[in-house]
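J.: The structure file model_34.txt (compact mmCIF, C-alpha atoms) is provided below.
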```
# COMPACT_ATOMS: atom_id res chain seq x y z
CA MET B 1 -70.14 160.52 101.04
CA THR B 2 -67.85 157.92 102.57
CA TYR B 3 -68.13 154.20 101.95
CA GLU B 4 -69.26 153.77 105.56
CA GLU B 5 -72.08 156.29 105.20
CA GLY B 6 -73.19 154.75 101.90
CA GLU B 7 -73.33 151.33 103.55
CA ALA B 8 -75.35 152.77 106.45
CA ILE B 9 -77.90 154.25 104.04
CA LEU B 10 -78.27 151.06 102.01
CA SER B 11 -78.45 148.71 104.99
CA GLN B 12 -81.05 150.79 106.83
CA PHE B 13 -83.21 151.13 103.73
CA GLU B 14 -83.01 147.38 103.09
CA LEU B 15 -83.96 146.60 106.69
CA THR B 16 -86.90 149.03 106.57
CA TYR B 17 -88.32 147.65 103.31
CA LEU B 18 -86.95 144.10 103.43
CA THR B 19 -89.99 142.37 101.94
CA ALA B 20 -89.88 144.64 98.88
CA PHE B 21 -86.66 142.90 97.80
CA ALA B 22 -87.76 139.28 98.21
CA PRO B 23 -86.82 137.00 95.28
CA GLY B 24 -89.22 137.55 92.41
CA SER B 25 -90.16 141.09 93.49
CA ALA B 26 -90.09 144.00 91.08
CA ALA B 27 -87.37 145.72 93.14
CA HIS B 28 -83.98 144.03 92.80
CA GLY B 29 -81.51 146.53 94.21
CA ILE B 30 -80.69 149.90 95.77
CA ARG B 31 -78.17 152.48 94.60
CA VAL B 32 -76.84 155.44 96.55
CA THR B 33 -74.94 158.14 94.67
CA PRO B 34 -73.20 161.20 96.10
CA ALA B 35 -74.11 164.49 94.46
CA ALA B 36 -71.76 167.36 95.17
CA GLU B 37 -74.40 170.08 95.34
CA GLN B 38 -77.54 168.54 96.87
CA GLY B 39 -76.12 165.65 98.90
CA ALA B 40 -76.64 161.97 98.23
CA ALA B 41 -79.53 160.42 96.30
CA LEU B 42 -81.06 156.97 96.79
CA THR B 43 -82.47 155.02 93.84
CA VAL B 44 -84.48 151.80 93.98
CA LEU B 45 -83.87 149.63 90.90
CA ILE B 46 -86.89 147.80 89.50
CA ALA B 47 -87.30 145.47 86.55
CA PRO B 48 -87.97 147.24 83.22
CA ASP B 49 -91.32 145.45 82.82
CA ALA B 50 -92.47 145.88 86.44
CA PRO B 51 -95.78 147.68 87.11
CA GLY B 52 -95.47 151.32 88.12
CA GLY B 53 -96.18 151.41 91.85
CA PRO B 54 -97.51 152.04 94.36
CA TYR B 55 -94.32 151.41 96.33
CA PRO B 56 -93.97 151.00 100.11
CA TRP B 57 -91.31 153.74 100.35
CA GLY B 58 -91.89 157.46 99.97
CA ASP B 59 -89.89 160.11 98.18
CA GLN B 60 -87.60 160.64 101.18
CA PHE B 61 -85.81 158.36 103.64
CA THR B 62 -84.35 159.22 107.03
CA TYR B 63 -81.27 157.31 108.19
CA GLN B 64 -78.92 157.44 111.16
CA PHE B 65 -75.17 157.95 110.80
CA GLU B 66 -72.64 158.81 113.48
CA GLY B 67 -75.41 159.58 115.97
CA HIS B 68 -77.32 162.00 113.75
CA GLY B 69 -80.41 161.72 111.55
CA HIS B 70 -80.19 162.62 107.86
CA THR B 71 -82.78 162.75 105.10
CA ILE B 72 -82.12 161.59 101.54
CA PRO B 73 -84.38 161.79 98.45
CA VAL B 74 -85.61 158.47 97.02
CA GLY B 75 -86.27 157.79 93.35
CA VAL B 76 -87.03 154.76 91.17
CA ALA B 77 -85.19 153.62 88.03
CA ARG B 78 -85.97 150.80 85.63
CA GLN B 79 -82.85 148.73 85.03
CA GLU B 80 -82.02 145.12 84.17
CA ARG B 81 -80.93 142.94 87.06
CA PHE B 82 -77.22 142.48 87.51
CA GLN B 83 -75.73 139.27 86.17
CA ALA B 84 -72.36 137.73 86.93
CA LEU B 85 -70.17 138.32 83.90
CA ALA B 86 -70.23 135.20 81.74
CA ARG B 87 -67.06 133.28 81.12
CA ARG B 88 -66.23 134.01 77.53
CA PRO B 89 -66.10 131.08 75.04
CA ALA B 90 -62.83 131.10 73.13
CA GLU B 91 -60.74 128.95 70.85
CA MET B 92 -57.65 127.75 72.67
CA PRO B 93 -54.53 128.29 70.56
CA PRO B 94 -52.24 125.32 69.92
CA LEU B 95 -49.28 125.15 72.25
CA ALA B 96 -46.27 126.88 70.73
CA ALA B 97 -43.02 125.01 70.25
CA ALA B 98 -41.09 127.96 71.64
CA ALA B 99 -41.67 129.35 75.11
CA PRO B 100 -45.03 131.22 75.10
CA PRO B 101 -45.30 134.80 76.34
CA PRO B 102 -45.87 135.15 80.08
CA VAL B 103 -49.26 136.05 81.53
CA GLY B 104 -49.85 139.73 82.32
CA LEU B 105 -52.49 141.88 83.96
CA GLY B 106 -55.64 141.78 81.80
CA ASP B 107 -54.73 138.52 80.04
CA SER B 108 -56.89 135.39 79.96
CA VAL B 109 -57.33 132.68 82.57
CA VAL B 110 -59.18 129.48 81.67
CA GLY B 111 -62.41 128.99 83.59
CA ASN B 112 -63.71 125.87 85.30
CA MET B 113 -65.89 125.17 82.27
CA PRO B 114 -64.07 123.90 79.13
CA ARG B 115 -62.97 126.50 76.60
CA THR B 116 -64.05 129.55 78.57
CA LEU B 117 -62.02 132.54 79.66
CA GLY B 118 -62.00 135.11 82.43
CA THR B 119 -59.47 137.83 83.26
CA VAL B 120 -56.26 137.92 85.28
CA GLY B 121 -56.90 141.04 87.35
CA LEU B 122 -53.49 141.37 88.98
CA ASN B 123 -50.16 139.57 89.25
CA PHE B 124 -48.75 140.09 92.73
CA TYR B 125 -46.92 138.44 95.58
CA PHE B 126 -49.43 137.31 98.18
CA ASN B 127 -48.27 135.87 101.49
CA GLY B 128 -44.87 135.22 99.91
CA ALA B 129 -46.05 133.43 96.74
CA LEU B 130 -46.13 134.77 93.16
CA SER B 131 -49.90 134.84 92.59
CA PHE B 132 -52.72 136.21 90.46
CA LEU B 133 -56.20 137.53 91.24
CA THR B 134 -59.44 136.72 89.42
CA CYS B 135 -63.09 135.92 90.25
CA TRP B 136 -64.34 132.91 92.21
CA HIS B 137 -67.00 132.21 89.58
CA VAL B 138 -64.33 131.94 86.88
CA VAL B 139 -62.05 129.27 88.34
CA CYS B 140 -64.01 127.56 91.14
CA PRO B 141 -66.88 125.06 90.96
CA TRP B 142 -70.10 126.80 91.97
CA TYR B 143 -71.87 124.04 93.87
CA THR B 144 -69.10 121.86 95.31
CA SER B 145 -65.91 122.53 97.21
CA PRO B 146 -62.86 122.88 94.94
CA PRO B 147 -60.64 119.79 94.77
CA ASN B 148 -57.30 120.08 96.54
CA PRO B 149 -55.20 120.84 94.62
CA LEU B 150 -57.23 122.68 91.98
CA TYR B 151 -54.99 123.40 88.99
CA ILE B 152 -55.65 126.50 86.90
CA SER B 153 -54.63 127.00 83.27
CA PHE B 154 -54.00 129.88 80.90
CA PRO B 155 -54.39 129.64 77.11
CA ASN B 156 -50.70 128.89 76.54
CA TRP B 157 -49.89 127.50 79.98
CA PRO B 158 -51.81 124.35 81.05
CA ASN B 159 -51.98 123.66 84.79
CA ALA B 160 -49.65 126.60 85.47
CA ALA B 161 -51.20 127.70 88.78
CA VAL B 162 -52.84 126.23 91.87
CA LEU B 163 -55.82 127.70 93.74
CA THR B 164 -54.67 129.01 97.13
CA ASP B 165 -57.54 131.20 98.38
CA TYR B 166 -61.09 132.15 97.43
CA ARG B 167 -64.19 133.92 98.68
CA GLN B 168 -67.19 131.83 97.73
CA VAL B 169 -70.50 133.37 96.70
CA HIS B 170 -73.46 132.08 98.71
CA PHE B 171 -76.86 132.03 97.07
CA GLY B 172 -80.38 132.75 98.28
CA MET B 173 -82.03 134.82 100.99
CA GLY B 174 -80.17 135.32 104.25
CA ASN B 175 -76.69 135.34 102.68
CA ALA B 176 -74.91 138.69 102.31
CA ASN B 177 -71.95 138.62 99.93
CA ILE B 178 -69.17 141.17 99.47
CA TRP B 179 -66.60 139.19 97.47
CA ASP B 180 -66.44 137.04 94.35
CA LEU B 181 -62.69 136.48 94.13
CA ALA B 182 -60.03 133.80 93.92
CA ILE B 183 -56.25 133.76 94.19
CA GLY B 184 -53.98 131.29 92.43
CA ARG B 185 -50.26 130.61 92.94
CA TYR B 186 -48.06 130.33 89.88
CA VAL B 187 -46.12 127.06 89.76
CA ASP B 188 -43.29 128.62 87.73
CA ALA B 189 -42.23 132.27 88.04
CA ALA B 190 -41.60 132.38 84.28
CA THR B 191 -45.37 132.20 83.75
CA ALA B 192 -46.08 135.73 85.02
CA THR B 193 -45.01 139.23 84.04
CA SER B 194 -45.45 142.77 85.32
CA VAL B 195 -46.06 144.05 81.76
CA ILE B 196 -49.58 145.21 80.78
CA THR B 197 -49.74 144.13 77.14
CA ALA B 198 -53.46 144.75 76.63
CA CYS B 199 -53.19 148.56 76.29
CA ASN B 200 -51.65 150.50 73.42
CA THR B 201 -50.30 152.94 76.02
CA PRO B 202 -49.96 150.86 79.19
CA PRO B 203 -50.45 152.68 82.51
CA PRO B 204 -47.97 152.21 85.35
CA TYR B 205 -48.41 148.80 86.93
CA PRO B 206 -50.88 149.21 89.85
CA GLN B 207 -49.23 148.77 93.21
CA LYS B 208 -51.38 150.02 96.06
CA LEU B 209 -55.02 149.74 97.03
CA ALA B 210 -56.84 153.07 96.83
CA PRO B 211 -57.38 154.87 100.17
CA SER B 212 -61.11 155.44 99.50
CA ASN B 213 -63.90 155.04 96.96
CA ALA B 214 -63.69 158.67 95.85
CA ALA B 215 -65.05 159.69 92.45
CA GLY B 216 -62.45 159.69 89.68
CA ASP B 217 -61.37 158.40 86.29
CA ILE B 218 -60.92 154.62 86.20
CA LEU B 219 -59.61 152.06 83.72
CA LYS B 220 -60.75 148.50 83.03
CA VAL B 221 -58.10 146.14 81.61
CA GLY B 222 -59.69 142.83 80.64
CA VAL B 223 -60.24 140.13 78.04
CA ALA B 224 -63.23 141.73 76.29
CA TYR B 225 -62.73 144.39 73.64
CA PRO B 226 -61.95 147.16 73.99
CA ARG B 227 -59.52 145.54 76.39
CA CYS B 228 -58.57 148.88 77.94
CA ARG B 229 -61.66 150.99 78.57
CA SER B 230 -61.87 154.22 80.57
CA THR B 231 -64.79 155.84 82.35
CA THR B 232 -65.47 157.98 85.43
CA TYR B 233 -66.55 156.40 88.69
CA LYS B 234 -69.00 158.74 90.41
CA GLY B 235 -68.96 157.14 93.85
CA ALA B 236 -72.13 155.05 93.40
CA MET B 237 -72.69 152.07 95.71
CA PHE B 238 -75.08 149.14 95.24
CA ARG B 239 -76.87 146.55 97.37
CA GLY B 240 -79.08 143.93 95.75
CA TRP B 241 -79.45 140.77 93.70
CA VAL B 242 -76.93 139.40 91.19
CA ASP B 243 -77.98 136.48 88.97
CA TYR B 244 -75.66 133.48 88.54
CA ASP B 245 -77.14 131.22 85.88
CA ARG B 246 -80.07 129.54 87.68
CA ASP B 247 -79.32 131.06 91.11
CA GLN B 248 -79.15 134.53 92.62
CA ALA B 249 -76.97 136.07 95.32
CA TRP B 250 -77.50 139.15 97.49
CA PHE B 251 -74.51 141.50 97.48
CA ILE B 252 -73.77 144.42 99.78
CA GLY B 253 -71.24 147.26 99.61
CA GLN B 254 -70.56 147.00 95.87
CA LEU B 255 -69.15 149.74 93.64
CA GLU B 256 -71.31 150.62 90.63
CA THR B 257 -69.51 152.18 87.66
CA PRO B 258 -70.60 153.27 84.19
CA LEU B 259 -70.64 150.34 81.76
CA THR B 260 -67.07 149.18 81.03
CA THR B 261 -67.31 145.38 81.08
CA THR B 262 -68.76 142.51 79.11
CA ASP B 263 -68.38 138.72 78.94
CA GLY B 264 -64.80 137.67 79.68
CA ASP B 265 -64.04 140.62 81.97
CA SER B 266 -64.73 138.71 85.20
CA GLY B 267 -61.69 139.43 87.34
CA ALA B 268 -60.65 142.67 85.63
CA LEU B 269 -59.57 145.45 87.95
CA ALA B 270 -61.13 148.88 88.16
CA ILE B 271 -57.99 151.03 88.40
CA TYR B 272 -57.90 154.71 89.28
CA ARG B 273 -56.11 156.74 86.61
CA ASP B 274 -54.74 159.15 89.20
CA GLY B 275 -51.09 159.08 88.18
CA ASN B 276 -50.40 156.20 90.59
CA THR B 277 -52.95 153.75 89.12
CA THR B 278 -54.26 152.69 92.53
CA ILE B 279 -56.66 149.73 92.77
CA LEU B 280 -60.35 150.44 93.37
CA GLY B 281 -62.37 147.30 92.62
CA LEU B 282 -62.66 143.84 91.05
CA HIS B 283 -65.23 143.60 88.24
CA PHE B 284 -67.61 140.65 88.45
CA ALA B 285 -71.12 141.60 87.23
CA VAL B 286 -73.01 143.78 84.76
CA SER B 287 -76.47 145.18 84.16
CA ARG B 288 -76.77 144.94 80.37
CA ASN B 289 -76.70 148.31 78.60
CA ALA B 290 -76.54 150.06 81.98
CA THR B 291 -73.70 149.74 84.52
CA SER B 292 -70.88 147.50 85.77
CA LEU B 293 -70.40 146.16 89.29
CA ALA B 294 -67.12 145.69 91.18
CA ASN B 295 -66.16 144.28 94.57
CA PRO B 296 -64.75 147.03 96.86
CA LEU B 297 -61.22 145.64 96.59
CA TYR B 298 -59.70 148.83 97.99
CA ASN B 299 -61.39 147.93 101.27
CA ILE B 300 -60.26 144.29 101.56
CA GLY B 301 -57.66 145.00 104.25
CA TRP B 302 -54.54 143.46 102.69
CA ASN B 303 -51.24 144.86 103.97
CA TYR B 304 -48.94 146.41 101.37
CA GLN B 305 -45.29 145.38 101.78
CA GLY B 306 -43.63 147.19 98.88
CA THR B 307 -42.64 145.71 95.52
CA ARG B 308 -40.73 142.76 94.14
CA LYS B 309 -39.75 142.61 90.47
CA ASN B 310 -42.15 145.55 89.89
CA LEU B 311 -45.08 143.58 91.31
CA PRO B 312 -46.89 144.60 94.51
CA VAL B 313 -46.32 142.52 97.62
CA TYR B 314 -49.25 141.95 99.99
CA THR B 315 -50.05 139.93 103.07
CA GLY B 316 -53.55 139.24 104.25
```
Show this structure as structure tokens.

T.:
Amino acid sequence: MTYEEGEAILSQFELTYLTAFAPGSAAHGIRVTPAAEQGAALTVLIAPDAPGGPYPWGDQFTYQFEGHGHTIPVGVARQERFQALARRPAEMPPLAAAAPPPVGLGDSVVGNMPRTLGTVGLNFYFNGALSFLTCWHVVCPWYTSPPNPLYISFPNWPNAAVLTDYRQVHFGMGNANIWDLAIGRYVDAATATSVITACNTPPPYPQKLAPSNAAGDILKVGVAYPRCRSTTYKGAMFRGWVDYDRDQAWFIGQLETPLTTTDGDSGALAIYRDGNTTILGLHFAVSRNATSLANPLYNIGWNYQGTRKNLPVYTG
């Protein structure tokens, strides 16, 4: 099942049963999962304490893709709503007299709330500038436009980067979100490194975006322990509500993985362990004791321009 077909299934099901997913309803999301032997399966996620039916959908759903009709089985699963990964409270170490170690993939970035941490997903050159990738909800104010300039800090490097780009999350009905990401430019090149210090056996530094959302072994490298955590992505896609403190946002086209993340991992990459460590997604949310959610970063459309100092170079 391609990403495009998965999106067609989810969008058509949402449109058919739109009122079933209104805020406060028992149903809070839809998952589609490819199954090698019997085709794809569609699952409606409902709150664990929701009453058991009747539901407006049946046990099968017919959708259109590439000019043809297809039928997919429909099931129901009880699962907690997704929540944006919390910024992790942390004690900030005192500034060292000597030069501190540079910031690497999977290290901490200080959030827009005091003494909280998210994850540096990737150091890379973006549109000519030495930059890093993380989540919008880590470094940006949620309800006002970011000041210009917005300085970003790391535990040992105060005001070491400046916000250069972001994709804001919009809350409430009628807003469809794909991205929760932000990009910052390092002020000093000495701040950043291409070394992955979080793993006992570091993988090759990821360079390219993956060509597809195919099933495969993936690695999370983030702030929360275990900092390097492997699992197998099975190709699942999600559309539904994600809670942000007192608000909620509707997301489409998201990649749902087995549980690999917890508080502090906002901004951590989901990296394919395929020998080339290609980039699949950007972790931003979790359903407690169930699954993790990642933006489809492989599909963002940035243009790869090779490497510089072992870091990937992109324009976009």

J.: What does the distance between CA of Phe284 (chain B) and CA of Ser266 (chain B) come to in Å, to one decimal place?

T.: 4.8 Å

J.: Taking all atoms listed in the file into account, which of B:Ala8, B:Ala20, B:Ala161, B:Cys228 comes nearest His70 (chain B)?

T.: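 Of all the options, B:Ala8 lies closest to His70 (chain B).
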
J.: Could you jot down the CA of Val120 (chain B) to CA of Val195 (chain B) separation for me, Å, one decimal place?

T.: 12.4 Å

J.: Find the residue from B:Tyr55, B:Phe251, B:Tyr244, B:Tyr298 that sits nearest to Ala86 (chain B); use only C-alpha atoms when measuring.

T.: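 Under the stated criterion, the closest residue is B:Tyr244.
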
J.: Which residue, B:Gly301, B:Pro203, B:Gly240, B:Gly253, has the smallest gap to Glu14 (chain B) when you use all atoms listed in the file?

T.: B:Gly240

J.: Of the residues B:Ala160, B:Ala84, B:Ala224, B:Leu42, which is the one nearest to Asp188 (chain B), using all atoms listed in the file?

T.: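 The answer is B:Ala160, which sits nearest to Asp188 (chain B).
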
J.: Just to confirm, what's the straight-line distance from CA of Pro155 (chain B) to CA of Pro101 (chain B) in Å (one decimal)?

T.: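 So the two atoms, CA of Pro155 (chain B) and CA of Pro101 (chain B), lie 10.5 Å apart.
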
J.: If we count all atoms listed in the file, what is near Thr277 (chain B) at a cut-off of 8 Å, once residues fewer than 5 positions away on the same chain are taken out, given as a list in words?

T.: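 Counting only the stated atoms, we get Pro203, Pro204, Tyr205, Pro206, Gln207, Ile271 and Tyr272 of chain B.
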
J.: Can you work out which one of B:Phe124, B:Ala77, B:Gly235, B:Leu255 has the shortest atom-to-atom distance to Gly306 (chain B), counting all atoms listed in the file?

T.: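 Closest to Gly306 (chain B), using all atoms listed in the file: B:Phe124.
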
J.: Kindly indicate which residue among B:Val138, B:Val286, B:Ala268, B:Leu259 lies nearest to Thr231 (chain B), using all atoms listed in the file for the distances.

T.: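 Ranking B:Val138, B:Val286, B:Ala268, B:Leu259 by distance to Thr231 (chain B), first place goes to B:Leu259.
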
J.: As a ChimeraX atom specification, please: the residues near Ala26 (chain B) (cut-off 7 Å, only C-alpha atoms, same-chain neighbours under 3 positions excluded).

T.: /B:46-47,50

J.: Step by step: start from the point (-71.7, 143.4, 86.3) in the file's coordinates, keep every protein, DNA or RNA residue that has an atom no farther than 6 Å from it, count all atoms listed in the file, and write the set as a list in words.

T.: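 Looking at atoms near the point gives Phe82, Gln83, Ala84, Leu85, Phe284, Ala285, Val286, Ser287, Ser292 and Leu293 of chain B.
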
J.: Val103 (chain B): which residues within 7 Å, counting all atoms listed in the file, same-chain residues fewer than 2 positions away excluded, as a ChimeraX atom specification?

T.: /B:101,107,191-193

J.: Emit the selected residues as a PDB file, in the coordinates of the input, including C-alpha atoms.

T.:
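Output below, filename result-v6.pdb:
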```
ATOM      1  CA  PRO B 101     -45.300 134.800  76.340  1.00  0.00           C
ATOM      2  CA  ASP B 107     -54.730 138.520  80.040  1.00  0.00           C
ATOM      3  CA  THR B 191     -45.370 132.200  83.750  1.00  0.00           C
ATOM      4  CA  ALA B 192     -46.080 135.730  85.020  1.00  0.00           C
ATOM      5  CA  THR B 193     -45.010 139.230  84.040  1.00  0.00           C
TER       6      THR B 193
END
```

J.: Would you pick out the contacts of Asp217 (chain B) at 8 Å or less, using all atoms listed in the file, so that residues sharing its chain but fewer than 3 positions from it are not included, and give the list as a list in words?

T.: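 Skipping anything fewer than 3 positions along the chain leaves Ser230, Thr231, Thr232, Tyr233, Tyr272, Arg273 and Asp274 of chain B.
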